[in-house]
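model.cif (mmCIF, C-alpha atoms and all ligand atoms)
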```cif
data_structure
#
loop_
_atom_site.label_atom_id
_atom_site.label_comp_id
_atom_site.auth_asym_id
_atom_site.auth_seq_id
_atom_site.Cartn_x
_atom_site.Cartn_y
_atom_site.Cartn_z
CA MET A 19 41.92 9.40 15.53
CA GLU A 20 43.70 6.74 17.56
CA HIS A 21 44.27 3.59 15.53
CA GLY A 22 46.05 1.72 18.33
CA GLU A 23 46.08 -2.01 17.82
CA TYR A 24 43.45 -1.83 15.08
CA LEU A 25 45.81 -0.71 12.31
CA TYR A 26 49.46 -1.15 13.14
CA PHE A 27 50.45 0.56 9.91
CA ILE A 28 48.93 3.70 8.41
CA PRO A 29 50.08 4.04 4.79
CA ALA A 30 50.71 7.48 3.32
CA VAL A 31 52.06 8.87 0.08
CA GLU A 32 52.88 12.53 0.69
CA PHE A 33 56.06 13.26 2.66
CA PRO A 34 55.52 14.61 6.19
CA GLU A 35 56.49 18.24 6.75
CA GLU A 36 59.12 17.23 9.26
CA GLU A 37 61.28 14.16 9.27
CA SER A 38 61.33 12.56 12.72
CA THR A 39 64.73 11.62 14.16
CA GLU A 40 63.19 8.25 15.12
CA ALA A 41 62.11 7.53 11.53
CA LEU A 42 62.98 4.08 10.17
CA TRP A 43 64.68 3.77 6.80
CA PHE A 44 64.09 0.66 4.68
CA VAL A 45 67.05 0.93 2.32
CA PHE A 46 67.52 -1.63 -0.44
CA ASN A 47 70.34 -2.62 -2.70
CA GLY A 48 68.58 -4.88 -5.21
CA ASN A 49 66.80 -7.49 -3.06
CA LYS A 50 69.04 -6.81 -0.10
CA LEU A 51 67.77 -4.84 2.90
CA ALA A 52 70.02 -2.68 5.09
CA VAL A 53 69.91 -4.00 8.68
CA GLU A 54 71.83 -3.62 11.90
CA THR A 55 72.24 -7.05 13.47
CA ARG A 56 72.32 -7.50 17.23
CA ASN A 57 72.42 -11.05 18.63
CA ASP A 58 69.88 -12.93 16.50
CA LYS A 59 67.71 -9.90 15.79
CA ALA A 60 67.92 -7.65 12.75
CA GLU A 61 66.92 -4.01 13.13
CA ILE A 62 66.14 -1.30 10.61
CA PRO A 63 68.48 1.72 10.74
CA SER A 64 67.00 4.96 12.01
CA ASN A 65 67.19 8.42 10.55
CA ALA A 66 70.39 9.35 12.40
CA LYS A 67 72.28 6.39 10.96
CA VAL A 68 71.07 6.84 7.38
CA ASN A 69 71.54 10.62 7.32
CA GLU A 70 75.27 10.22 6.72
CA TYR A 71 74.55 8.43 3.48
CA ARG A 72 71.75 10.70 2.29
CA ASP A 73 73.61 11.69 -0.91
CA LYS A 74 73.87 8.02 -1.90
CA LEU A 75 70.11 7.38 -1.69
CA LYS A 76 67.80 7.40 -4.68
CA SER A 77 64.12 6.54 -5.30
CA VAL A 78 63.15 7.92 -1.89
CA PHE A 79 59.51 7.28 -0.92
CA TYR A 80 57.53 7.90 2.23
CA LEU A 81 55.61 4.76 3.25
CA GLY A 82 53.56 5.83 6.28
CA GLU A 83 53.61 5.23 10.03
CA LEU A 84 54.38 2.00 11.87
CA ARG A 85 52.78 2.42 15.32
CA GLY A 86 53.36 6.17 15.01
CA ILE A 87 56.93 5.92 13.67
CA GLN A 88 57.61 7.38 10.22
CA CYS A 89 58.88 4.87 7.65
CA TYR A 90 60.81 5.74 4.51
CA THR A 91 62.27 3.62 1.77
CA ALA A 92 65.09 4.25 -0.68
CA GLU A 93 67.59 2.52 -2.88
CA MET A 94 71.36 2.60 -2.52
CA ASP A 95 73.47 1.52 -5.48
CA ASN A 96 76.74 1.10 -3.66
CA ALA A 97 76.15 -1.38 -0.84
CA THR A 98 79.79 -1.43 0.19
CA ALA A 99 79.94 2.31 1.00
CA VAL A 100 78.26 1.92 4.40
CA GLY A 101 81.20 0.21 6.08
CA GLU A 102 80.27 -1.42 9.40
CA ASP A 103 77.26 0.83 10.02
CA PHE A 104 74.79 -1.67 8.64
CA LYS A 105 74.82 -4.64 6.33
CA PHE A 106 72.75 -5.46 3.27
CA ILE A 107 71.18 -8.92 3.57
CA ASP A 108 68.80 -10.65 1.15
CA LEU A 109 65.22 -9.99 2.36
CA LYS A 110 64.18 -13.65 2.10
CA THR A 111 67.23 -14.73 4.11
CA ILE A 112 66.77 -12.12 6.85
CA MET A 113 62.96 -12.58 7.05
CA PRO A 114 62.99 -14.98 10.08
CA SER A 115 65.19 -12.53 12.07
CA LEU A 116 62.88 -9.55 11.53
CA GLU A 117 59.92 -8.72 13.73
CA PRO A 118 56.84 -9.72 11.66
CA GLU A 119 55.59 -6.10 11.47
CA ILE A 120 59.01 -4.96 10.28
CA PHE A 121 58.99 -7.70 7.63
CA PHE A 122 55.58 -6.55 6.37
CA VAL A 123 56.79 -2.95 6.07
CA SER A 124 59.90 -4.23 4.26
CA ALA A 125 57.57 -6.10 1.91
CA ARG A 126 55.71 -2.86 1.11
CA ALA A 127 58.99 -1.02 0.70
CA ILE A 128 60.70 -3.39 -1.73
CA GLN A 129 57.58 -3.61 -3.89
CA ILE A 130 57.38 0.18 -4.17
CA ILE A 131 61.10 0.44 -4.98
CA ASN A 132 60.79 -2.26 -7.67
CA TRP A 133 57.61 -0.74 -9.09
CA ASP A 134 59.39 2.62 -9.38
CA LYS A 135 62.33 0.98 -11.13
CA GLU A 136 60.25 -1.11 -13.51
CA HIS A 137 57.77 1.61 -14.50
CA LYS A 138 59.99 4.51 -15.50
CA TYR A 139 58.38 4.74 -18.93
CA CYS A 140 54.81 4.50 -20.18
CA GLY A 141 53.94 1.00 -21.46
CA CYS A 142 51.66 2.55 -24.13
CA CYS A 143 53.61 5.46 -25.61
CA GLY A 144 57.08 5.27 -24.04
CA ALA A 145 57.00 8.73 -22.40
CA LEU A 146 58.67 9.27 -19.02
CA MET A 147 56.08 8.60 -16.29
CA LYS A 148 55.43 11.10 -13.47
CA LEU A 149 54.38 10.38 -9.88
CA LYS A 150 50.68 11.06 -9.33
CA ARG A 151 49.84 13.39 -6.46
CA GLY A 152 48.05 11.95 -3.45
CA GLU A 153 48.07 8.35 -4.71
CA ARG A 154 50.62 5.55 -4.96
CA ALA A 155 50.52 5.73 -8.73
CA LYS A 156 52.30 7.08 -11.79
CA VAL A 157 50.68 8.90 -14.66
CA CYS A 158 51.82 9.36 -18.27
CA PRO A 159 51.93 13.09 -19.14
CA GLU A 160 51.42 12.25 -22.84
CA CYS A 161 48.61 9.68 -23.00
CA GLY A 162 47.25 9.67 -19.43
CA LEU A 163 47.95 5.99 -18.66
CA ILE A 164 47.91 5.39 -14.90
CA ASN A 165 50.14 2.77 -13.34
CA TYR A 166 49.65 1.34 -9.85
CA PRO A 167 52.10 -0.97 -8.07
CA ARG A 168 51.41 -4.42 -9.47
CA ILE A 169 50.33 -7.15 -7.07
CA SER A 170 50.05 -10.73 -8.38
CA PRO A 171 47.57 -12.79 -6.35
CA ALA A 172 48.32 -16.45 -5.84
CA ILE A 173 46.41 -19.17 -4.01
CA ILE A 174 47.97 -21.51 -1.48
CA VAL A 175 45.92 -24.45 -0.26
CA ALA A 176 46.10 -27.16 2.38
CA VAL A 177 44.28 -30.20 0.97
CA THR A 178 43.28 -32.67 3.66
CA ARG A 179 41.88 -36.22 3.55
CA GLY A 180 40.72 -37.21 7.03
CA LYS A 181 43.85 -37.11 9.19
CA GLU A 182 46.20 -36.64 6.25
CA ILE A 183 47.50 -33.61 4.40
CA LEU A 184 48.74 -33.43 0.82
CA LEU A 185 52.32 -32.15 0.61
CA ALA A 186 54.33 -31.83 -2.57
CA HIS A 187 57.95 -31.38 -3.53
CA ASN A 188 58.39 -28.60 -6.09
CA LYS A 189 61.46 -28.81 -8.30
CA ASN A 190 62.57 -25.38 -7.01
CA PHE A 191 62.55 -26.52 -3.36
CA LYS A 192 65.60 -27.68 -1.43
CA PRO A 193 66.00 -31.49 -1.47
CA GLY A 194 63.60 -33.17 0.96
CA MET A 195 61.41 -30.06 1.43
CA TYR A 196 57.63 -30.49 0.99
CA SER A 197 54.84 -27.94 1.09
CA VAL A 198 51.20 -27.29 0.25
CA ILE A 199 50.05 -26.53 -3.32
CA ALA A 200 50.29 -22.94 -4.60
CA GLY A 201 49.95 -21.09 -7.88
CA PHE A 202 49.15 -17.76 -9.52
CA VAL A 203 45.60 -16.67 -10.28
CA ASP A 204 44.80 -16.42 -14.00
CA PRO A 205 43.04 -13.31 -15.39
CA GLY A 206 39.29 -13.86 -15.17
CA GLU A 207 39.54 -16.59 -12.56
CA THR A 208 38.10 -16.62 -9.02
CA PHE A 209 40.21 -17.79 -6.08
CA GLU A 210 38.04 -20.90 -5.73
CA GLU A 211 38.45 -21.78 -9.42
CA CYS A 212 42.18 -21.24 -9.09
CA VAL A 213 42.36 -23.62 -6.11
CA LYS A 214 40.56 -26.34 -8.11
CA ARG A 215 42.68 -25.79 -11.22
CA GLU A 216 46.07 -25.66 -9.49
CA VAL A 217 45.43 -28.81 -7.44
CA MET A 218 44.16 -30.63 -10.54
CA GLU A 219 47.06 -29.46 -12.74
CA GLU A 220 49.82 -30.14 -10.24
CA VAL A 221 48.70 -33.38 -8.61
CA GLY A 222 45.55 -34.56 -10.46
CA ILE A 223 43.22 -34.37 -7.44
CA ARG A 224 39.67 -32.98 -7.20
CA VAL A 225 38.87 -30.97 -4.06
CA LYS A 226 35.69 -29.75 -2.30
CA ASN A 227 34.66 -27.55 0.67
CA ILE A 228 37.14 -24.79 -0.20
CA LYS A 229 37.38 -22.34 2.71
CA TYR A 230 39.29 -19.10 3.14
CA PHE A 231 42.11 -19.31 5.69
CA ARG A 232 44.06 -16.01 5.72
CA SER A 233 46.41 -14.08 3.43
CA GLN A 234 50.02 -12.95 3.51
CA THR A 235 52.10 -10.59 1.43
CA TRP A 236 54.91 -12.39 -0.35
CA PRO A 237 57.19 -9.82 -1.96
CA PHE A 238 59.30 -12.27 -3.98
CA PRO A 239 58.69 -10.43 -6.22
CA ASN A 240 55.11 -9.12 -5.81
CA SER A 241 52.64 -11.79 -4.71
CA LEU A 242 49.74 -11.73 -2.36
CA MET A 243 49.33 -15.30 -1.10
CA VAL A 244 45.67 -16.06 -0.41
CA GLY A 245 45.39 -19.14 1.78
CA PHE A 246 42.63 -21.78 1.68
CA THR A 247 41.83 -25.14 3.15
CA ALA A 248 40.10 -27.78 1.03
CA GLU A 249 39.04 -31.39 1.40
CA TYR A 250 39.94 -34.25 -0.89
CA ASP A 251 37.10 -35.23 -3.20
CA SER A 252 38.43 -37.80 -5.69
CA GLY A 253 41.37 -38.90 -7.80
CA GLU A 254 44.80 -40.45 -7.34
CA ILE A 255 47.96 -38.37 -6.80
CA SER A 256 49.67 -37.82 -10.12
CA PRO A 257 52.46 -35.20 -9.98
CA ASP A 258 52.69 -33.09 -13.14
CA GLY A 259 56.44 -33.79 -13.43
CA VAL A 260 57.01 -30.17 -14.48
CA GLU A 261 56.62 -28.17 -11.26
CA ILE A 262 55.81 -31.01 -8.86
CA GLU A 263 58.23 -33.91 -8.73
CA GLU A 264 56.58 -35.84 -5.93
CA ALA A 265 53.50 -35.58 -3.71
CA ASN A 266 52.18 -37.71 -0.86
CA TRP A 267 49.61 -37.83 1.93
CA TYR A 268 51.16 -37.26 5.36
CA THR A 269 49.82 -37.63 8.89
CA ALA A 270 50.59 -34.99 11.54
CA ASP A 271 53.06 -37.27 13.36
CA ASN A 272 55.02 -38.13 10.22
CA LEU A 273 55.66 -34.82 8.44
CA PRO A 274 58.64 -34.31 6.13
CA SER A 275 60.77 -31.14 6.14
CA ILE A 276 58.31 -28.21 5.80
CA PRO A 277 58.47 -24.38 5.43
CA SER A 278 59.03 -22.09 8.43
CA LYS A 279 56.04 -21.07 10.58
CA VAL A 280 56.49 -17.42 9.55
CA THR A 281 55.26 -18.32 6.05
CA ILE A 282 51.60 -18.88 5.26
CA ALA A 283 52.54 -22.40 4.06
CA GLY A 284 53.95 -23.12 7.52
CA LYS A 285 50.82 -21.63 9.14
CA LEU A 286 48.53 -23.83 7.01
CA ILE A 287 50.46 -26.96 8.01
CA LYS A 288 50.37 -25.85 11.68
CA TRP A 289 46.59 -25.41 11.34
CA PHE A 290 46.33 -28.98 9.99
CA VAL A 291 48.41 -30.40 12.87
CA GLU A 292 46.35 -28.57 15.53
CA ASN A 293 43.06 -29.40 13.84
CA THR A 294 43.99 -33.08 13.62
CA ASN A 295 45.04 -33.14 17.30
CA ASN A 296 41.73 -31.59 18.29
CA LYS A 297 39.89 -34.27 16.34
CA ASP A 298 41.70 -36.86 18.48
CA VAL A 299 40.41 -35.26 21.68
CA VAL A 300 36.82 -35.16 20.41
ZN ZN B 1 51.78 7.24 -22.40
#
```
Before we go any further, please render this structure as structure tokens.
Amino acid sequence: MEHGEYLYFIPAVEFPEEESTEALWFVFNGNKLAVETRNDKAEIPSNAKVNEYRDKLKSVFYLGELRGIQCYTAEMDNATAVGEDFKFIDLKTIMPSLEPEIFFVSARAIQIINWDKEHKYCGCCGALMKLKRGERAKVCPECGLINYPRISPAIIVAVTRGKEILLAHNKNFKPGMYSVIAGFVDPGETFEECVKREVMEEVGIRVKNIKYFRSQTWPFPNSLMVGFTAEYDSGEISPDGVEIEEANWYTADNLPSIPSKVTIAGKLIKWFVENTNNKDVV
């Protein structure tokens, strides 16, 4: 079956019978990804380049095919052993220099590597876990516990009030950086409830007309950011003082420093700017 543009990535668990010479290797040292840098672009090393270092790789997994090209991931403990062949750069730092599709495969890769590292032993009985055949999972040979890679969903929401957007400064942001509200989903909560709760907790505002926007993987360390738009309902801005130090309403022509457009936060703010401009035309 030809997937073409419909699915750019076909995940797989079992290793192919033959390793293609074109295969891409997503090799990590901690949170750092091995890349070859040319001009401003960062590229993933191919099979030929990584082959030399095969004895230094551990936790090798097959990921699937990116537009027909095999993708593997592995960990390398000694990041200095590769000389000038490729460099290890923090995934978050290198993200804007990677092709978006390459970033999304890197995001899969690092989460599988970390899951493997963090789930060596059974959380119930302490036995050594084994990989489960045919599934991205581990199984305990003693008690049968099954472990899947953990994904932690979080909401991210653009709250608007007419031609204004609510942007907040989180204490973990760089000075002067503002973004939309975000937070992890609690067990038992729906996305919509989480949007209401996070906005209320962080800035003391009630929202309405919550609408799904789009989602984005965020592998720092294992989030799935689920984006929403919402409209202001009532309340005065009151930052919680714990996570949020300051929050304000901004118009599209007077935005502070905001996240890059490759992030879903940046895309939500871009949506607000375009939507507001369109309103002007109508
Ligand atoms: Zn067990």
Practice prompt. Using only C-alpha atoms, pick whichever of A:Asn57, A:Met113, A:Ile131, A:Glu40 has the shortest atom-to-atom distance to Phe79 (chain A).
Written response: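 Looking only at the distances to Phe79 (chain A), the closest residue turns out to be A:Ile131.
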Discussion item. Taking all atoms listed in the file into account, list the residues no farther than 6 Å from ligand ZN 1 (chain B), as an MDAnalysis selection string.
Written reply: chainID A and resid 140 142:145 158 160:163
Worksheet item: For the point (63.9, -12.8, -5.4) in file coordinates, what residues are within 9 Å, counting all atoms listed in the file? Give the answer as a list of chain:residue names?
Response: A:Asn49, A:Asp108, A:Leu109, A:Lys110, A:Pro237, A:Phe238, A:Pro239
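Considering all atoms listed in the file, the residue among A:Ile164, A:Leu242, A:Leu116, A:Val123 positioned nearest to Tyr139 (chain A) is A:Ile164.
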Discussion item. Need to verify the contact set: region 271-279 of chain A, 7 Å, only C-alpha atoms, exclusion of same-chain residues closer than 2 positions in sequence. Can you return it as a VMD selection string?
Written reply: chain A and resid 194 to 197 268 to 269 281 283 to 285
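Between CA of Lys288 (chain A) and CA of Ala176 (chain A) lies a distance of 10.3 Å.
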Practice prompt. Can you pull out every residue within 9 Å of Ala200 (chain A), counting only C-alpha atoms, but drop anything in the same chain fewer than 3 positions away, and send it as a list in words?
Written response: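 Result of the neighbour search: Ala172, Ile173, Ile174, Val175, Ser197, Val213, Glu216, Val217, Met243, Gly245 and Ala283 of chain A.
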So which residues are close to (49.9, 0.4, -12.0), meaning at most 10 Å away in the file's coordinates with all atoms listed in the file counted, and can you show them as a PDB file with C-alpha atoms, keeping the file's coordinate frame?
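Okay, part-v8.pdb is ready:
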```pdb
ATOM      1  CA  TRP A 133      57.610  -0.740  -9.090  1.00  0.00           C
ATOM      2  CA  HIS A 137      57.770   1.610 -14.500  1.00  0.00           C
ATOM      3  CA  ARG A 154      50.620   5.550  -4.960  1.00  0.00           C
ATOM      4  CA  ALA A 155      50.520   5.730  -8.730  1.00  0.00           C
ATOM      5  CA  LYS A 156      52.300   7.080 -11.790  1.00  0.00           C
ATOM      6  CA  VAL A 157      50.680   8.900 -14.660  1.00  0.00           C
ATOM      7  CA  LEU A 163      47.950   5.990 -18.660  1.00  0.00           C
ATOM      8  CA  ILE A 164      47.910   5.390 -14.900  1.00  0.00           C
ATOM      9  CA  ASN A 165      50.140   2.770 -13.340  1.00  0.00           C
ATOM     10  CA  TYR A 166      49.650   1.340  -9.850  1.00  0.00           C
ATOM     11  CA  PRO A 167      52.100  -0.970  -8.070  1.00  0.00           C
ATOM     12  CA  ARG A 168      51.410  -4.420  -9.470  1.00  0.00           C
ATOM     13  CA  ILE A 169      50.330  -7.150  -7.070  1.00  0.00           C
TER      14      ILE A 169
END
```
Worksheet entry | Close residues, Ile28 (chain A) itself excluded, 10 Å, all atoms listed in the file, min 5 positions apart in chain, as an MDAnalysis selection string | chainID A and resid 21 81:88
Fill in: A:Phe231, A:Phe33, A:Phe121, A:Trp43 ranked by distance to Ala248 (chain A), top pick (using all atoms listed in the file)
A:Phe231
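Reported to one decimal place, the separation of CA of Lys150 (chain A) from CA of Pro34 (chain A) is 16.6 Å.
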Fill in: Shortest interatomic distance to Val177 (chain A) - which of A:Val244, A:Leu146, A:Ile287, A:Ala125, counting only C-alpha atoms
A:Ile287
Worksheet item: Which is closer to Ile128 (chain A) than all the others in A:Arg56, A:Lys50, A:Lys181, A:Arg72, using all atoms listed in the file?
Response: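 Selected residue with least distance to Ile128 (chain A): A:Lys50.
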Worksheet item: When you draw a straight line from CA of Phe104 (chain A) to CA of Ser77 (chain A), how long is it in Å?
Response: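 Pair CA of Phe104 (chain A) / CA of Ser77 (chain A) returns 19.4 Å.
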Fill in: Closest of A:Ala41, A:Met94, A:Val78, A:Pro171 to Thr235 (chain A) - atom-to-atom distances counting all atoms listed in the file
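Closest to Thr235 (chain A) of all the choices is A:Pro171.
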Fill in: Glu61 (chain A) surroundings by only C-alpha atoms, 9 Å radius, close-in-sequence under 4 positions cut, as a list of chain:residue names
A:Ala52, A:Val53, A:Glu54, A:Thr55, A:Arg56, A:Ser115, A:Leu116, A:Glu117, A:Ile120
File dump, residues just selected, C-alpha atoms, as a PDB file, keeping the file's coordinate frame:
```pdb
ATOM      1  CA  ALA A  52      70.020  -2.680   5.090  1.00  0.00           C
ATOM      2  CA  VAL A  53      69.910  -4.000   8.680  1.00  0.00           C
ATOM      3  CA  GLU A  54      71.830  -3.620  11.900  1.00  0.00           C
ATOM      4  CA  THR A  55      72.240  -7.050  13.470  1.00  0.00           C
ATOM      5  CA  ARG A  56      72.320  -7.500  17.230  1.00  0.00           C
ATOM      6  CA  SER A 115      65.190 -12.530  12.070  1.00  0.00           C
ATOM      7  CA  LEU A 116      62.880  -9.550  11.530  1.00  0.00           C
ATOM      8  CA  GLU A 117      59.920  -8.720  13.730  1.00  0.00           C
ATOM      9  CA  ILE A 120      59.010  -4.960  10.280  1.00  0.00           C
TER      10      ILE A 120
END
```
Discussion item. Need to verify the contact set: Ser170 (chain A), 8 Å, all atoms listed in the file, exclusion of same-chain residues closer than 4 positions in sequence. Can you return it as an MDAnalysis selection string?
Written reply: chainID A and resid 202:203 240:242
Fix up region 248-259 of chain A with N, CA, C and O atoms, then write it as a PDB file, keeping the file's coordinate frame.
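Output (out-v4.pdb):
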```
ATOM      1  N   ALA A 248      41.051 -27.047   1.889  1.00  0.00           N
ATOM      2  CA  ALA A 248      40.100 -27.780   1.030  1.00  0.00           C
ATOM      3  C   ALA A 248      40.161 -29.246   1.414  1.00  0.00           C
ATOM      4  O   ALA A 248      41.159 -29.713   1.976  1.00  0.00           O
ATOM      5  N   GLU A 249      39.065 -29.961   1.105  1.00  0.00           N
ATOM      6  CA  GLU A 249      39.040 -31.390   1.400  1.00  0.00           C
ATOM      7  C   GLU A 249      39.167 -32.185   0.117  1.00  0.00           C
ATOM      8  O   GLU A 249      38.672 -31.775  -0.940  1.00  0.00           O
ATOM      9  N   TYR A 250      39.797 -33.326   0.229  1.00  0.00           N
ATOM     10  CA  TYR A 250      39.940 -34.250  -0.890  1.00  0.00           C
ATOM     11  C   TYR A 250      38.547 -34.691  -1.350  1.00  0.00           C
ATOM     12  O   TYR A 250      37.675 -34.974  -0.539  1.00  0.00           O
ATOM     13  N   ASP A 251      38.361 -34.726  -2.656  1.00  0.00           N
ATOM     14  CA  ASP A 251      37.100 -35.230  -3.200  1.00  0.00           C
ATOM     15  C   ASP A 251      37.326 -36.559  -3.912  1.00  0.00           C
ATOM     16  O   ASP A 251      36.769 -37.580  -3.532  1.00  0.00           O
ATOM     17  N   SER A 252      38.180 -36.544  -4.962  1.00  0.00           N
ATOM     18  CA  SER A 252      38.430 -37.800  -5.690  1.00  0.00           C
ATOM     19  C   SER A 252      39.736 -37.716  -6.464  1.00  0.00           C
ATOM     20  O   SER A 252      40.313 -36.640  -6.616  1.00  0.00           O
ATOM     21  N   GLY A 253      40.173 -38.847  -6.959  1.00  0.00           N
ATOM     22  CA  GLY A 253      41.370 -38.900  -7.800  1.00  0.00           C
ATOM     23  C   GLY A 253      42.564 -39.519  -7.079  1.00  0.00           C
ATOM     24  O   GLY A 253      42.564 -39.642  -5.854  1.00  0.00           O
ATOM     25  N   GLU A 254      43.550 -39.907  -7.869  1.00  0.00           N
ATOM     26  CA  GLU A 254      44.800 -40.450  -7.340  1.00  0.00           C
ATOM     27  C   GLU A 254      45.897 -39.414  -7.564  1.00  0.00           C
ATOM     28  O   GLU A 254      45.887 -38.726  -8.595  1.00  0.00           O
ATOM     29  N   ILE A 255      46.852 -39.334  -6.646  1.00  0.00           N
ATOM     30  CA  ILE A 255      47.960 -38.370  -6.800  1.00  0.00           C
ATOM     31  C   ILE A 255      48.758 -38.694  -8.053  1.00  0.00           C
ATOM     32  O   ILE A 255      49.176 -39.829  -8.267  1.00  0.00           O
ATOM     33  N   SER A 256      48.893 -37.661  -8.899  1.00  0.00           N
ATOM     34  CA  SER A 256      49.670 -37.820 -10.120  1.00  0.00           C
ATOM     35  C   SER A 256      50.447 -36.528 -10.366  1.00  0.00           C
ATOM     36  O   SER A 256      49.938 -35.591 -10.978  1.00  0.00           O
ATOM     37  N   PRO A 257      51.687 -36.444  -9.848  1.00  0.00           N
ATOM     38  CA  PRO A 257      52.460 -35.200  -9.980  1.00  0.00           C
ATOM     39  C   PRO A 257      52.653 -34.826 -11.447  1.00  0.00           C
ATOM     40  O   PRO A 257      52.842 -35.714 -12.282  1.00  0.00           O
ATOM     41  N   ASP A 258      52.606 -33.513 -11.732  1.00  0.00           N
ATOM     42  CA  ASP A 258      52.690 -33.090 -13.140  1.00  0.00           C
ATOM     43  C   ASP A 258      54.075 -33.319 -13.758  1.00  0.00           C
ATOM     44  O   ASP A 258      54.231 -33.281 -14.969  1.00  0.00           O
ATOM     45  N   GLY A 259      55.088 -33.530 -12.905  1.00  0.00           N
ATOM     46  CA  GLY A 259      56.440 -33.790 -13.430  1.00  0.00           C
ATOM     47  C   GLY A 259      57.128 -32.537 -13.946  1.00  0.00           C
ATOM     48  O   GLY A 259      58.302 -32.574 -14.278  1.00  0.00           O
TER      49      GLY A 259
END
```
